[in-house]
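Participant: Sharing query-v2.csv, CSV, N, CA and C atoms:
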```
chain,number,residue,atom,x,y,z
D,20,MET,N,47.7,50.9,-71.4
D,20,MET,CA,47.9,49.5,-71.1
D,20,MET,C,48.4,49.4,-69.6
D,21,GLU,N,47.8,48.4,-69.0
D,21,GLU,CA,48.0,48.2,-67.6
D,21,GLU,C,49.4,47.7,-67.2
D,22,TYR,N,49.9,46.8,-68.1
D,22,TYR,CA,51.2,46.1,-67.8
D,22,TYR,C,52.3,46.6,-68.7
D,23,ALA,N,52.2,47.8,-69.2
D,23,ALA,CA,53.2,48.3,-70.2
D,23,ALA,C,54.6,48.4,-69.6
D,24,ASP,N,54.7,48.8,-68.3
D,24,ASP,CA,56.0,48.8,-67.6
D,24,ASP,C,56.7,47.5,-67.5
D,25,ILE,N,55.9,46.4,-67.2
D,25,ILE,CA,56.5,45.1,-67.1
D,25,ILE,C,56.9,44.6,-68.5
D,26,ILE,N,56.2,44.9,-69.5
D,26,ILE,CA,56.5,44.5,-70.9
D,26,ILE,C,57.8,45.2,-71.3
D,27,VAL,N,57.9,46.5,-71.0
D,27,VAL,CA,59.1,47.3,-71.3
D,27,VAL,C,60.3,46.7,-70.6
D,28,ALA,N,60.2,46.3,-69.3
D,28,ALA,CA,61.3,45.8,-68.6
D,28,ALA,C,61.8,44.5,-69.1
D,29,VAL,N,60.8,43.6,-69.5
D,29,VAL,CA,61.2,42.3,-70.1
D,29,VAL,C,61.9,42.5,-71.4
D,30,VAL,N,61.3,43.3,-72.3
D,30,VAL,CA,61.9,43.5,-73.6
D,30,VAL,C,63.3,44.2,-73.4
D,31,GLY,N,63.4,45.1,-72.5
D,31,GLY,CA,64.6,45.8,-72.3
D,31,GLY,C,65.7,44.9,-71.8
D,32,ALA,N,65.4,43.9,-70.9
D,32,ALA,CA,66.4,42.9,-70.5
D,32,ALA,C,66.8,42.0,-71.7
D,33,LEU,N,65.8,41.7,-72.5
D,33,LEU,CA,66.2,40.8,-73.7
D,33,LEU,C,67.1,41.6,-74.6
D,34,VAL,N,66.8,42.9,-74.9
D,34,VAL,CA,67.6,43.7,-75.8
D,34,VAL,C,69.0,43.9,-75.2
D,35,LEU,N,69.1,44.2,-73.9
D,35,LEU,CA,70.4,44.3,-73.4
D,35,LEU,C,71.2,43.1,-73.5
D,36,ALA,N,70.6,41.9,-73.3
D,36,ALA,CA,71.3,40.6,-73.4
D,36,ALA,C,71.8,40.4,-74.9
D,37,TRP,N,70.9,40.7,-75.8
D,37,TRP,CA,71.2,40.5,-77.2
D,37,TRP,C,72.4,41.5,-77.6
D,38,ILE,N,72.3,42.7,-77.2
D,38,ILE,CA,73.4,43.7,-77.5
D,38,ILE,C,74.7,43.2,-76.9
D,39,ALA,N,74.7,42.8,-75.7
D,39,ALA,CA,75.9,42.3,-75.0
D,39,ALA,C,76.5,41.1,-75.7
D,40,ASP,N,75.6,40.2,-76.2
D,40,ASP,CA,76.1,39.1,-76.9
D,40,ASP,C,76.7,39.4,-78.2
D,41,GLN,N,76.1,40.4,-78.9
D,41,GLN,CA,76.6,40.8,-80.2
D,41,GLN,C,77.9,41.6,-80.1
D,42,LEU,N,78.0,42.5,-79.1
D,42,LEU,CA,79.2,43.3,-78.9
D,42,LEU,C,80.4,42.4,-78.5
D,43,THR,N,80.2,41.4,-77.8
D,43,THR,CA,81.4,40.5,-77.3
D,43,THR,C,81.8,39.5,-78.4
D,44,GLY,N,80.9,39.3,-79.4
D,44,GLY,CA,81.2,38.3,-80.4
D,44,GLY,C,81.0,36.9,-80.0
D,45,ARG,N,80.5,36.7,-78.9
D,45,ARG,CA,80.3,35.3,-78.4
D,45,ARG,C,78.9,34.9,-78.9
D,46,ARG,N,78.6,33.6,-78.9
D,46,ARG,CA,77.3,33.1,-79.3
D,46,ARG,C,76.7,32.4,-78.1
D,47,GLY,N,76.8,32.9,-76.9
D,47,GLY,CA,76.2,32.3,-75.8
D,47,GLY,C,75.0,33.1,-75.3
D,48,LEU,N,74.0,33.2,-76.2
D,48,LEU,CA,72.8,34.1,-76.0
D,48,LEU,C,72.0,33.6,-74.7
D,49,PHE,N,71.9,32.3,-74.5
D,49,PHE,CA,71.2,31.8,-73.3
D,49,PHE,C,71.8,32.3,-72.0
D,50,ALA,N,73.1,32.3,-72.0
D,50,ALA,CA,73.8,32.7,-70.8
D,50,ALA,C,73.6,34.2,-70.5
D,51,THR,N,73.7,35.0,-71.6
D,51,THR,CA,73.5,36.4,-71.4
D,51,THR,C,72.0,36.7,-71.1
D,52,LEU,N,71.1,36.0,-71.7
D,52,LEU,CA,69.7,36.2,-71.3
D,52,LEU,C,69.5,35.8,-69.8
D,53,LEU,N,70.1,34.8,-69.3
D,53,LEU,CA,69.9,34.4,-67.9
D,53,LEU,C,70.5,35.5,-67.0
D,54,VAL,N,71.7,35.9,-67.3
D,54,VAL,CA,72.3,37.0,-66.5
D,54,VAL,C,71.6,38.3,-66.5
D,55,SER,N,71.1,38.7,-67.7
D,55,SER,CA,70.3,39.9,-67.8
D,55,SER,C,69.0,39.8,-67.1
D,56,GLY,N,68.3,38.7,-67.2
D,56,GLY,CA,67.1,38.5,-66.5
D,56,GLY,C,67.2,38.5,-65.0
D,57,VAL,N,68.2,37.8,-64.5
D,57,VAL,CA,68.5,37.8,-63.0
D,57,VAL,C,68.9,39.2,-62.5
D,58,GLY,N,69.7,39.9,-63.3
D,58,GLY,CA,70.1,41.2,-62.9
D,58,GLY,C,68.9,42.2,-62.9
D,59,ALA,N,68.0,42.1,-63.9
D,59,ALA,CA,66.8,42.9,-63.9
D,59,ALA,C,65.9,42.6,-62.7
D,60,LEU,N,65.8,41.3,-62.4
D,60,LEU,CA,65.0,40.9,-61.2
D,60,LEU,C,65.5,41.4,-59.9
D,61,CYS,N,66.9,41.4,-59.8
D,61,CYS,CA,67.5,42.0,-58.6
D,61,CYS,C,67.3,43.5,-58.6
D,62,GLY,N,67.4,44.1,-59.7
D,62,GLY,CA,67.2,45.6,-59.7
D,62,GLY,C,65.8,45.9,-59.3
D,63,TRP,N,64.8,45.2,-59.8
D,63,TRP,CA,63.4,45.4,-59.4
D,63,TRP,C,63.3,45.2,-57.8
D,64,PHE,N,63.9,44.1,-57.3
D,64,PHE,CA,63.8,43.8,-55.9
D,64,PHE,C,64.4,45.0,-55.1
D,65,LEU,N,65.6,45.4,-55.5
D,65,LEU,CA,66.2,46.5,-54.7
D,65,LEU,C,65.4,47.8,-54.8
D,66,ALA,N,64.9,48.1,-56.0
D,66,ALA,CA,64.1,49.4,-56.1
D,66,ALA,C,62.8,49.4,-55.4
D,67,VAL,N,62.1,48.3,-55.5
D,67,VAL,CA,60.7,48.2,-55.0
D,67,VAL,C,60.7,47.7,-53.5
D,68,ARG,N,61.4,46.7,-53.2
D,68,ARG,CA,61.2,46.1,-51.9
D,68,ARG,C,62.3,46.5,-50.9
D,69,VAL,N,63.5,46.8,-51.3
D,69,VAL,CA,64.5,47.1,-50.3
D,69,VAL,C,64.6,48.6,-50.1
D,70,PHE,N,64.8,49.4,-51.1
D,70,PHE,CA,65.0,50.8,-50.9
D,70,PHE,C,63.7,51.6,-51.0
D,71,ALA,N,62.7,51.0,-51.6
D,71,ALA,CA,61.4,51.7,-51.7
D,71,ALA,C,61.4,53.0,-52.4
D,72,VAL,N,62.2,53.1,-53.5
D,72,VAL,CA,62.3,54.3,-54.3
D,72,VAL,C,61.2,54.3,-55.4
D,73,GLY,N,60.6,53.2,-55.6
D,73,GLY,CA,59.5,53.2,-56.6
D,73,GLY,C,58.5,52.2,-56.2
D,74,THR,N,57.4,52.2,-57.0
D,74,THR,CA,56.3,51.2,-56.8
D,74,THR,C,56.1,50.6,-58.1
D,75,MET,N,55.3,49.5,-58.1
D,75,MET,CA,55.0,48.8,-59.4
D,75,MET,C,54.1,49.7,-60.3
D,76,ASP,N,53.6,50.8,-59.8
D,76,ASP,CA,52.7,51.7,-60.6
D,76,ASP,C,53.6,52.7,-61.4
D,77,GLY,N,54.8,52.9,-61.0
D,77,GLY,CA,55.7,53.9,-61.7
D,77,GLY,C,56.7,53.2,-62.6
D,78,TRP,N,57.6,54.1,-63.1
D,78,TRP,CA,58.6,53.7,-64.1
D,78,TRP,C,60.0,53.7,-63.5
D,79,VAL,N,60.1,54.1,-62.2
D,79,VAL,CA,61.4,54.1,-61.6
D,79,VAL,C,62.0,52.7,-61.5
D,80,TRP,N,61.2,51.7,-61.2
D,80,TRP,CA,61.7,50.4,-61.0
D,80,TRP,C,62.2,49.8,-62.4
D,81,VAL,N,61.7,50.3,-63.5
D,81,VAL,CA,62.1,49.8,-64.8
D,81,VAL,C,63.6,50.3,-65.0
D,82,VAL,N,63.8,51.6,-64.7
D,82,VAL,CA,65.2,52.1,-64.9
D,82,VAL,C,66.1,51.4,-64.0
D,83,ALA,N,65.7,51.1,-62.7
D,83,ALA,CA,66.6,50.4,-61.8
D,83,ALA,C,66.9,49.0,-62.3
D,84,ALA,N,65.9,48.3,-62.9
D,84,ALA,CA,66.0,47.0,-63.4
D,84,ALA,C,67.0,47.0,-64.6
D,85,MET,N,66.9,47.9,-65.4
D,85,MET,CA,67.8,48.0,-66.6
D,85,MET,C,69.2,48.3,-66.2
D,86,ALA,N,69.4,49.2,-65.2
D,86,ALA,CA,70.7,49.5,-64.7
D,86,ALA,C,71.3,48.3,-64.0
D,87,ALA,N,70.6,47.5,-63.3
D,87,ALA,CA,71.1,46.3,-62.6
D,87,ALA,C,71.4,45.3,-63.6
D,88,SER,N,70.6,45.2,-64.7
D,88,SER,CA,70.8,44.2,-65.7
D,88,SER,C,72.2,44.5,-66.5
D,89,ALA,N,72.4,45.8,-66.7
D,89,ALA,CA,73.7,46.2,-67.3
D,89,ALA,C,74.8,45.9,-66.4
D,90,VAL,N,74.7,46.2,-65.2
D,90,VAL,CA,75.8,45.9,-64.2
D,90,VAL,C,76.1,44.4,-64.1
D,91,ALA,N,75.0,43.6,-64.1
D,91,ALA,CA,75.2,42.2,-64.1
D,91,ALA,C,75.9,41.6,-65.3
D,92,LEU,N,75.5,42.2,-66.5
D,92,LEU,CA,76.1,41.7,-67.7
D,92,LEU,C,77.6,42.2,-67.8
D,93,PHE,N,77.9,43.4,-67.3
D,93,PHE,CA,79.3,43.8,-67.2
D,93,PHE,C,80.1,42.9,-66.3
D,94,GLY,N,79.6,42.6,-65.1
D,94,GLY,CA,80.3,41.7,-64.2
D,94,GLY,C,80.4,40.3,-64.8
D,95,PHE,N,79.4,39.8,-65.5
D,95,PHE,CA,79.5,38.5,-66.2
D,95,PHE,C,80.6,38.4,-67.2
D,96,PHE,N,80.8,39.4,-68.0
D,96,PHE,CA,81.8,39.4,-69.0
D,96,PHE,C,83.2,39.8,-68.4
D,97,LEU,N,83.2,40.5,-67.3
D,97,LEU,CA,84.5,40.8,-66.6
D,97,LEU,C,85.1,39.6,-65.9
D,98,PHE,N,84.3,38.8,-65.2
D,98,PHE,CA,84.8,37.8,-64.4
D,98,PHE,C,84.6,36.4,-65.0
D,99,ARG,N,84.1,36.3,-66.2
D,99,ARG,CA,83.9,35.0,-66.9
D,99,ARG,C,85.2,34.4,-67.2
D,100,ASN,N,85.3,33.1,-67.0
D,100,ASN,CA,86.6,32.4,-67.3
D,100,ASN,C,86.8,32.3,-68.8
D,101,LYS,N,88.0,32.5,-69.2
D,101,LYS,CA,88.3,32.4,-70.7
D,101,LYS,C,89.1,31.1,-70.9
D,102,ARG,N,88.8,30.4,-71.9
D,102,ARG,CA,89.5,29.2,-72.2
D,102,ARG,C,90.3,29.3,-73.4
```
Can you give me the file's structure in the form of C-alpha coordinates?

Facilitator:
Amino acid sequence: MEYADIIVAVVGALVLAWIADQLTGRRGLFATLLVSGVGALCGWFLAVRVFAVGTMDGWVWVVAAMAASAVALFGFFLFRNKR
(Lines of atoms letter the chains of each structure in order from A and count residues from 1; the text may use other names and numbers.)
(Lines give C-alpha, C1' and ligand atoms only; values in the text may rest on other atoms or scores of the structure.)
Protein backbone atom coordinates (compact mmCIF):
# COMPACT_ATOMS: atom_id res chain seq x y z
CA MET A 1 0.00 0.00 0.00
CA GLU A 2 1.26 3.36 -0.96
CA TYR A 3 -0.16 5.32 1.96
CA ALA A 4 0.22 2.74 4.74
CA ASP A 5 2.52 4.97 6.80
CA ILE A 6 -0.01 7.83 6.76
CA ILE A 7 -2.81 5.48 7.78
CA VAL A 8 -0.68 4.07 10.61
CA ALA A 9 0.16 7.59 11.83
CA VAL A 10 -3.49 8.69 11.87
CA VAL A 11 -4.70 5.53 13.57
CA GLY A 12 -1.80 5.72 16.03
CA ALA A 13 -2.72 9.29 17.00
CA LEU A 14 -6.36 8.25 17.45
CA VAL A 15 -5.38 5.27 19.60
CA LEU A 16 -3.03 7.37 21.74
CA ALA A 17 -5.82 9.90 22.32
CA TRP A 18 -8.30 7.17 23.23
CA ILE A 19 -5.85 5.51 25.62
CA ALA A 20 -5.02 8.83 27.28
CA ASP A 21 -8.71 9.60 27.71
CA GLN A 22 -9.39 6.19 29.23
CA LEU A 23 -6.40 6.29 31.59
CA THR A 24 -7.30 9.69 32.98
CA GLY A 25 -10.95 8.80 33.50
CA ARG A 26 -12.15 11.91 31.78
CA ARG A 27 -14.69 11.96 29.01
CA GLY A 28 -13.18 14.70 26.89
CA LEU A 29 -12.32 12.59 23.87
CA PHE A 30 -12.58 15.50 21.42
CA ALA A 31 -9.97 17.50 23.35
CA THR A 32 -7.55 14.58 23.52
CA LEU A 33 -8.10 13.85 19.82
CA LEU A 34 -7.31 17.47 19.00
CA VAL A 35 -4.18 17.54 21.16
CA SER A 36 -2.97 14.19 19.84
CA GLY A 37 -3.55 15.21 16.21
CA VAL A 38 -1.78 18.54 16.59
CA GLY A 39 1.10 16.84 18.40
CA ALA A 40 1.43 14.25 15.64
CA LEU A 41 1.39 16.98 13.00
CA CYS A 42 4.12 18.86 14.85
CA GLY A 43 6.16 15.67 15.13
CA TRP A 44 5.86 15.11 11.39
CA PHE A 45 6.88 18.70 10.69
CA LEU A 46 9.92 18.49 12.95
CA ALA A 47 11.08 15.14 11.57
CA VAL A 48 10.54 15.83 7.88
CA ARG A 49 10.85 19.57 7.40
CA VAL A 50 12.99 20.92 10.24
CA PHE A 51 15.52 18.23 11.18
CA ALA A 52 15.31 16.22 7.92
CA VAL A 53 15.79 12.90 9.74
CA GLY A 54 13.20 11.19 7.58
CA THR A 55 11.22 11.47 4.41
CA MET A 56 7.61 10.73 3.61
CA ASP A 57 8.80 7.48 2.02
CA GLY A 58 10.11 6.07 5.32
CA TRP A 59 8.76 5.21 8.73
CA VAL A 60 10.98 7.47 10.84
CA TRP A 61 8.48 10.30 10.67
CA VAL A 62 5.72 8.03 11.99
CA VAL A 63 7.76 7.27 15.11
CA ALA A 64 8.52 10.97 15.55
CA ALA A 65 4.84 11.85 15.11
CA MET A 66 3.75 9.29 17.72
CA ALA A 67 6.42 10.50 20.16
CA ALA A 68 5.35 14.11 19.70
CA SER A 69 1.71 13.11 20.14
CA ALA A 70 2.54 11.39 23.43
CA VAL A 71 4.51 14.43 24.63
CA ALA A 72 1.64 16.75 23.68
CA LEU A 73 -0.87 14.59 25.55
CA PHE A 74 1.40 14.47 28.59
CA GLY A 75 1.70 18.26 28.56
CA PHE A 76 -2.04 18.64 28.06
CA PHE A 77 -2.87 16.62 31.14
CA LEU A 78 -0.01 18.11 33.15
CA PHE A 79 -0.94 21.76 32.59
CA ARG A 80 -4.69 21.46 32.18
CA ASN A 81 -6.73 23.51 34.63
CA LYS A 82 -8.61 21.48 37.19
CA ARG A 83 -11.95 22.74 38.43

Participant: What's the separation between atom N of Trp78 (chain D) and CA of Asp24 (chain D), in Å to one decimal place?

Facilitator: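 Computing the Euclidean distance for atom N of Trp78 (chain D) and CA of Asp24 (chain D) yields 7.1 Å.
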
Participant: Report, in Å with one decimal, the straight-line distance from CA of Gly77 (chain D) to CA of Val27 (chain D).

Facilitator: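 CA of Val27 (chain D) lies 12.1 Å from CA of Gly77 (chain D).
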
Participant: Would you please work out which residue, of D:Val79, D:Ile25, D:Leu97, D:Ala91, is nearest to Val57 (chain D) when using all atoms listed in the file?

Facilitator: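 Residue with the minimum atom-to-atom distance to Val57 (chain D): D:Ala91.
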
Participant: In Å, with one decimal, what is the gap from CA of Leu92 (chain D) to CA of Gly58 (chain D)?

Facilitator: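 Those two atoms sit 7.7 Å apart.
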
Participant: From the list D:Phe95, D:Ala84, D:Gln41, D:Ala36, which residue is nearest Cys61 (chain D) when using only N, CA and C atoms?

Facilitator: D:Ala84

Participant: Here is a test: counting only N, CA and C atoms, which residue of D:Ile26, D:Val67, D:Val90, D:Leu35 is nearest to Leu52 (chain D)?

Facilitator: D:Leu35

Participant: Using only N, CA and C atoms, which residue out of D:Ala71, D:Asp40, D:Gly31, D:Ala23 lies closest to Ser88 (chain D)?

Facilitator: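 Smallest distance to Ser88 (chain D) is found for D:Gly31.
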
Participant: Would you please give, as a ChimeraX atom specification, all residues of chain D that DSSP assigns to alpha helix (DSSP H) based on the backbone?

Facilitator: /D:23-43,48-63,79-98

Participant: When you count all atoms listed in the file, which of these residues is closest to Ala89 (chain D): D:Ala59, D:Val29, D:Met75, D:Ala66?

Facilitator: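 Result for the nearest residue to Ala89 (chain D): D:Ala59.
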
Participant: Using only C-alpha atoms for the distances, tell me which of D:Gly44, D:Gly62, D:Gly56, D:Gly73 is nearest to Ala87 (chain D).

Facilitator: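 Closest candidate: D:Gly62.
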
Participant: Since the input lacks some atoms of region 73-84 of chain D, please model all heavy atoms and print them as a JSON list (two decimals), in the coordinates of the input.

Facilitator:
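Generated output (selection_1.json):
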```json
[["chain", "number", "residue", "atom", "x", "y", "z"],
["D", 73, "GLY", "N", 60.60, 53.20, -55.60],
["D", 73, "GLY", "CA", 59.50, 53.20, -56.60],
["D", 73, "GLY", "C", 58.50, 52.20, -56.20],
["D", 73, "GLY", "O", 58.62, 51.39, -55.30],
["D", 74, "THR", "N", 57.40, 52.20, -57.00],
["D", 74, "THR", "CA", 56.30, 51.20, -56.80],
["D", 74, "THR", "C", 56.10, 50.60, -58.10],
["D", 74, "THR", "O", 56.61, 50.99, -59.16],
["D", 74, "THR", "CB", 55.01, 51.88, -56.31],
["D", 74, "THR", "OG1", 54.56, 52.78, -57.33],
["D", 74, "THR", "CG2", 55.21, 52.61, -55.01],
["D", 75, "MET", "N", 55.30, 49.50, -58.10],
["D", 75, "MET", "CA", 55.00, 48.80, -59.40],
["D", 75, "MET", "C", 54.10, 49.70, -60.30],
["D", 75, "MET", "O", 53.89, 49.36, -61.45],
["D", 75, "MET", "CB", 54.31, 47.50, -59.11],
["D", 75, "MET", "CG", 55.24, 46.45, -58.55],
["D", 75, "MET", "SD", 56.53, 45.94, -59.71],
["D", 75, "MET", "CE", 55.59, 45.08, -60.93],
["D", 76, "ASP", "N", 53.60, 50.80, -59.80],
["D", 76, "ASP", "CA", 52.70, 51.70, -60.60],
["D", 76, "ASP", "C", 53.60, 52.70, -61.40],
["D", 76, "ASP", "O", 53.09, 53.31, -62.32],
["D", 76, "ASP", "CB", 51.76, 52.46, -59.72],
["D", 76, "ASP", "CG", 50.75, 51.54, -59.07],
["D", 76, "ASP", "OD1", 50.51, 50.46, -59.62],
["D", 76, "ASP", "OD2", 50.23, 51.91, -58.01],
["D", 77, "GLY", "N", 54.80, 52.90, -61.00],
["D", 77, "GLY", "CA", 55.70, 53.90, -61.70],
["D", 77, "GLY", "C", 56.70, 53.20, -62.60],
["D", 77, "GLY", "O", 56.71, 52.04, -62.86],
["D", 78, "TRP", "N", 57.60, 54.10, -63.10],
["D", 78, "TRP", "CA", 58.60, 53.70, -64.10],
["D", 78, "TRP", "C", 60.00, 53.70, -63.50],
["D", 78, "TRP", "O", 60.95, 53.30, -64.13],
["D", 78, "TRP", "CB", 58.56, 54.56, -65.29],
["D", 78, "TRP", "CG", 57.36, 54.29, -66.13],
["D", 78, "TRP", "CD1", 56.13, 54.87, -65.98],
["D", 78, "TRP", "CD2", 57.23, 53.37, -67.20],
["D", 78, "TRP", "NE1", 55.26, 54.38, -66.91],
["D", 78, "TRP", "CE2", 55.92, 53.45, -67.68],
["D", 78, "TRP", "CE3", 58.12, 52.49, -67.82],
["D", 78, "TRP", "CZ2", 55.47, 52.68, -68.74],
["D", 78, "TRP", "CZ3", 57.66, 51.73, -68.88],
["D", 78, "TRP", "CH2", 56.35, 51.83, -69.32],
["D", 79, "VAL", "N", 60.10, 54.10, -62.20],
["D", 79, "VAL", "CA", 61.40, 54.10, -61.60],
["D", 79, "VAL", "C", 62.00, 52.70, -61.50],
["D", 79, "VAL", "O", 63.24, 52.53, -61.70],
["D", 79, "VAL", "CB", 61.34, 54.78, -60.17],
["D", 79, "VAL", "CG1", 62.67, 54.73, -59.45],
["D", 79, "VAL", "CG2", 60.86, 56.20, -60.31],
["D", 80, "TRP", "N", 61.20, 51.70, -61.20],
["D", 80, "TRP", "CA", 61.70, 50.40, -61.00],
["D", 80, "TRP", "C", 62.20, 49.80, -62.40],
["D", 80, "TRP", "O", 63.15, 49.00, -62.38],
["D", 80, "TRP", "CB", 60.72, 49.47, -60.38],
["D", 80, "TRP", "CG", 59.57, 49.09, -61.27],
["D", 80, "TRP", "CD1", 58.38, 49.74, -61.37],
["D", 80, "TRP", "CD2", 59.51, 47.99, -62.16],
["D", 80, "TRP", "NE1", 57.59, 49.11, -62.29],
["D", 80, "TRP", "CE2", 58.25, 48.03, -62.78],
["D", 80, "TRP", "CE3", 60.39, 46.97, -62.50],
["D", 80, "TRP", "CZ2", 57.86, 47.08, -63.72],
["D", 80, "TRP", "CZ3", 60.00, 46.03, -63.45],
["D", 80, "TRP", "CH2", 58.74, 46.08, -64.03],
["D", 81, "VAL", "N", 61.70, 50.30, -63.50],
["D", 81, "VAL", "CA", 62.10, 49.80, -64.80],
["D", 81, "VAL", "C", 63.60, 50.30, -65.00],
["D", 81, "VAL", "O", 64.41, 49.57, -65.51],
["D", 81, "VAL", "CB", 61.17, 50.28, -65.89],
["D", 81, "VAL", "CG1", 61.69, 49.87, -67.26],
["D", 81, "VAL", "CG2", 59.77, 49.72, -65.66],
["D", 82, "VAL", "N", 63.80, 51.60, -64.70],
["D", 82, "VAL", "CA", 65.20, 52.10, -64.90],
["D", 82, "VAL", "C", 66.10, 51.40, -64.00],
["D", 82, "VAL", "O", 67.26, 51.06, -64.38],
["D", 82, "VAL", "CB", 65.14, 53.65, -64.58],
["D", 82, "VAL", "CG1", 66.53, 54.22, -64.62],
["D", 82, "VAL", "CG2", 64.22, 54.37, -65.55],
["D", 83, "ALA", "N", 65.70, 51.10, -62.70],
["D", 83, "ALA", "CA", 66.60, 50.40, -61.80],
["D", 83, "ALA", "C", 66.90, 49.00, -62.30],
["D", 83, "ALA", "O", 67.99, 48.47, -62.18],
["D", 83, "ALA", "CB", 65.99, 50.38, -60.42],
["D", 84, "ALA", "N", 65.90, 48.30, -62.90],
["D", 84, "ALA", "CA", 66.00, 47.00, -63.40],
["D", 84, "ALA", "C", 67.00, 47.00, -64.60],
["D", 84, "ALA", "O", 67.82, 46.08, -64.67],
["D", 84, "ALA", "CB", 64.67, 46.41, -63.76]]
```
